[in-house]
There are 2 protein chains.
Amino acid sequence: MAEAQYILGLDFGTDSVRAVVVNADTGKEEANAVAYYPRWQQGLYCDPGKNQFRQHPSDYLESMEKAVRDALGQLPSQAGERVAAIGIDTTGSTPCAVDKEGTPLALKKEFAENPNAMFVLWKDHSALKEADEINGLARSWGGVDYTRYEGGIYSSEWFWAKILHVLRQDAKVAKAAYSWVEHCDWMPALLTGRPDPLSLKRSRCAAGHKAMWHPEWGGLPAEEFLVRLDPRLKGIRKRLYSDTHTSDSRAGDLSGQWAERLGLRPGIAVAVGAFDAHVGAVGGGIREGTLAKIMGTSTCDMIVSPAADVGDKQVAGICGQVDGSILPGMIGLEAGQSAFGDVYAWFVNLLYWPLEYAESAPNDPEQKERLRQDLKARILVNLTEEAARVPPGQSGLLALDWLNGRRTPDADQNLKGAVIGLTLGTTAPRVFRALVEATAFGSRAIIERFREQGVHIDQVVALGGISQKSPFVMQVTADVLDMPIKVAASEQCTALGAAMFGAVAAGIHESMAAAQDKMGSGFTTTYEPEPRNVRVYEELYRRYLALGTTLEPHLRELSGA
Amino acid sequence: MAEAQYILGLDFGTDSVRAVVVNADTGKEEANAVAYYPRWQQGLYCDPGKNQFRQHPSDYLESMEKAVRDALGQLPSQAGERVAAIGIDTTGSTPCAVDKEGTPLALKKEFAENPNAMFVLWKDHSALKEADEINGLARSWGGVDYTRYEGGIYSSEWFWAKILHVLRQDAKVAKAAYSWVEHCDWMPALLTGRPDPLSLKRSRCAAGHKAMWHPEWGGLPAEEFLVRLDPRLKGIRKRLYSDTHTSDSRAGDLSGQWAERLGLRPGIAVAVGAFDAHVGAVGGGIREGTLAKIMGTSTCDMIVSPAADVGDKQVAGICGQVDGSILPGMIGLEAGQSAFGDVYAWFVNLLYWPLEYAESAPNDPEQKERLRQDLKARILVNLTEEAARVPPGQSGLLALDWLNGRRTPDADQNLKGAVIGLTLGTTAPRVFRALVEATAFGSRAIIERFREQGVHIDQVVALGGISQKSPFVMQVTADVLDMPIKVAASEQCTALGAAMFGAVAAGIHESMAAAQDKMGSGFTTTYEPEPRNVRVYEELYRRYLALGTTLEPHLRELSGA
């Protein structure tokens, strides 16, 4: 019997890249390594107070090499020879300016330290104003509303808003920027040695969800629209793309140079890239009628629906609907919450504040950081334990979860969080419980919106860190949603999904359905809603909706919006 | 030259009693001692989760004896002989059931451990329902609205609501309760050996502000009203009082027994008691046109106005207006915020929460408590320092200060606090700043209400712990009020005010004006409003008002109201 082939799944997350080697026949995880982005870890090029988050391309290259080498190092030597394909996913929309050769500007000496020449990370909200302008123009210019398949509201987190913001902020970058790439476009282009921005294979997922690309209007928005938005955008459209590709297609063959750097065979298939959440949903077992919920710092909520069912109908207030963005041949519908685990982390940080002043802290910065993380982890454990003892609806509080704005339903980055009902007896665990309930209400608001628009949902599958780590959050969410939540067995659904795409791109499996069938990990825990809690939350959810409606204008006023 | 006479001011606060010996001619503080209530310190008889706060009468007796002995101990021996009068103030409304002899029930063996037989502390909110019923009946029964001189809204913090609540809760206490006394009535009655509930001299201040006593309807509310409220109140009116007295009058002479226990001369004058805030305003130098703001865990905001100016007009939404409740011959107007310093303490406690889990805490409970208080004090110092660096209006947040309900304007104990505008970048000092701004907005809302109702205010005098300890809070308050705030020089204005009343009751000074003139301490710091900040807060104050109006129904819903 021949040795099984391996597939390498590369999952570029917010803080790190993960390399997972899986068995192409069974999906079994053979090796798994993670490498953190070194500059990002130091907080370089970011300004959280201004919501500016940038990543240096060298972070991706160095950490990718390290992660792949580490993963292969866990296997018998020559294991690299058995890897038959690479699948890749990244965060997004995370665009970067490139020169005529497709080189990200920050890799050139003169731009090496310029945040505007780097990848603008998904969670960067510096382009709020530009997003507003895009929305305004899309509705007023008299032509097509290009936001119609992206939920009707363009976000500051997306491609065009970010490009325009950088062009306005930085004349030097604007001059040197020949074209722009998404992180998920650039990685396969680089590995296959085909970075030419005019011909590299662009991701359908990124283009359709974030760049207003749609076959109905022949690809990207019309030149006239872009120039009316800002003359700085003149000519850029024809230096981008009109064709896009689903991730079961082959972006090209691994170049000799990168095969050597990574310890792999040259010429193996590299699949077209896509966004992590979409790929993760595939790895987690998404299929028709299933909402795949990727629960981490934020959430992505994914659904696939046969094109025949959705047709020309636009689902209002969600992030987007794109043919083939999740699984080829199905409409991929994407929604999500801008902050989920981040809300809990925020509260832990708030409570940690006095500990920054502790005199006993070690002097060594690394030791200090380790202690800090340990203490925060302990705070989270204690909070969870005590919050779980407060019965549903008994915190006395009601919170809004929009601490990072609201992505769906009805994107509005000017919204903010709130906690109401505070008394002198309000304790930290009660606030924590209210925040957890609020994030669950935010999840429900998305599902209700899908249903209102006629999209059928009969089960929820959860993946991502929170689904593995917090039974408390998962139970509250199941109670609030009044639906069972199945947790995907694999802790690396995203890398596994990338590997599935790699396997199909290489022709090892004939379809994504076959790849999911053979390589899927199945489920572990199922959280069943508790009927008593469901009733309590039914009422609290109505109050959450009413509170949100009431506070929206007040929150926008605080944003100066 | 004869030795100067001394006056003893006894100030019964929430946690402790303070004994101050002052020079009758100059007001100079000769000695000052404080004694904490021992049972209260252990948290006995209280249930903060239910807003139940009770105090055992023995706490008052033991700590009074200790404080007076300690104060006299600071002076040459025989100093007790030079004390010519005692003035007394207490918290309120803090009523207690007494038997026919005027003994608080908890001093009797069978009730010694029963919280319902103890003093129901001012901040006890267990009688919310009863207050609602009083308000409902006062407006619907067709007779006089007895709440009209108490701001039009009866509070759960007050006399009748508390009595009714205890009568309903506890049949044994109801049976044994012959009459009821306010703490400020009971202390002078006890010291003068005249505790008979039918004849002891009742405080005008307590009766007029908290018991719906008014000459217009011949004293307390009619028997018919009380019985309609609840038949359990039948007959109680005639076992209370119809006459009341201002605190410049003599309640009686110090009894031999108490003279011995306290180390004083028998027969010296004991003045009629009053509430701490009213007495403090006098000690702080209140006069016509001055708002005296007592700033501690909560605030009391006091104004005096000539009877001719106020006339029959009722000032809506404030706590009360009573002829002689502050200074004899003037209408005393009282308002206040249910939580002020308590709001800051709440936030410090919230931040302290993770420190409860610190492994290095000492085992000895006393040592542990000392460490806890030290750490909390340090958190407050650090918070203040960093919050002061955030420019006005730049926290990104807006808060409501009703964490202990709202006392004025328009009392509503069902209201709660709120913080809106939270983002992932919101830090603890920003939340703290927003809370400080919220308490200042609450102060302004009171002043605006007085002005709307035609009461003239041309200066603010501040006294109490916050005014002495927090320049940051004082400056924010001055900026928000757009008025200079003068801080009273004495740190013990309340005990000083009590001593002034004692001096007049003893005939040492002929009037309160003369006593204030001779014995007053003057002012130290003045906080001037900063015009730039005033403009910023003008806008934020409007938003605070709008937010409050918007959230009121949501907050009441959370209270189940």
# chains A, B, ... in the order shown; residues from 1 in each chain; ligands from 1
$ select_by_dssp --residues "region 407-467 of chain A" --states "helix (DSSP H, G or I)" --output "tab-separated table (two decimals) with C-alpha atoms, in the first residue's frame"
chain	number	residue	atom	x	y	z
A	428	ALA	CA	-17.76	42.06	38.39
A	429	PRO	CA	-19.22	38.59	37.69
A	430	ARG	CA	-22.64	40.14	37.12
A	431	VAL	CA	-21.21	42.59	34.61
A	432	PHE	CA	-19.40	39.70	32.95
A	433	ARG	CA	-22.60	37.66	32.72
A	434	ALA	CA	-24.43	40.61	31.19
A	435	LEU	CA	-21.65	40.98	28.60
A	436	VAL	CA	-21.83	37.27	27.74
A	437	GLU	CA	-25.60	37.51	27.41
A	438	ALA	CA	-25.20	40.58	25.21
A	439	THR	CA	-22.87	38.78	22.80
A	440	ALA	CA	-25.38	35.92	22.65
A	441	PHE	CA	-28.20	38.41	21.91
A	442	GLY	CA	-26.01	39.81	19.14
A	443	SER	CA	-25.75	36.28	17.71
A	444	ARG	CA	-29.48	35.87	17.83
A	445	ALA	CA	-30.10	39.18	16.07
A	446	ILE	CA	-28.14	37.83	13.09
A	447	ILE	CA	-30.08	34.58	12.93
A	448	GLU	CA	-33.39	36.41	13.21
A	449	ARG	CA	-32.37	38.64	10.33
A	450	PHE	CA	-31.54	35.66	8.10
A	451	ARG	CA	-34.87	34.07	8.92
A	452	GLU	CA	-36.82	37.27	8.30
A	465	GLY	CA	-11.52	29.22	20.33
A	466	ILE	CA	-14.59	30.15	22.36
A	467	SER	CA	-16.49	27.05	21.22
$ interface_residues --of "chain B" --to "chain A" --cutoff "6 Å" --atoms "only C-alpha atoms" --output "list in words"
Trp346, Leu350, Leu351, Leu403, Asn404, Lys416, Gly417, Ala418, Val419, Ile420, Gly421, Leu422, Thr423, Leu424, Ala428 and Leu555 of chain B
$ closest_residue --among "A:Gly273, A:Pro365, A:Gly9, A:Pro471" --to "Val381 (chain A)" --atoms "only C-alpha atoms"
A:Pro471
$ select_by_dssp --residues "region 102-254 of chain A" --states "strand (DSSP E)" --output "list in words"
Phe119, Val120, Ser179, Trp180, Val181, Glu182, Arg250, Ala251, Gly252 and Asp253 of chain A
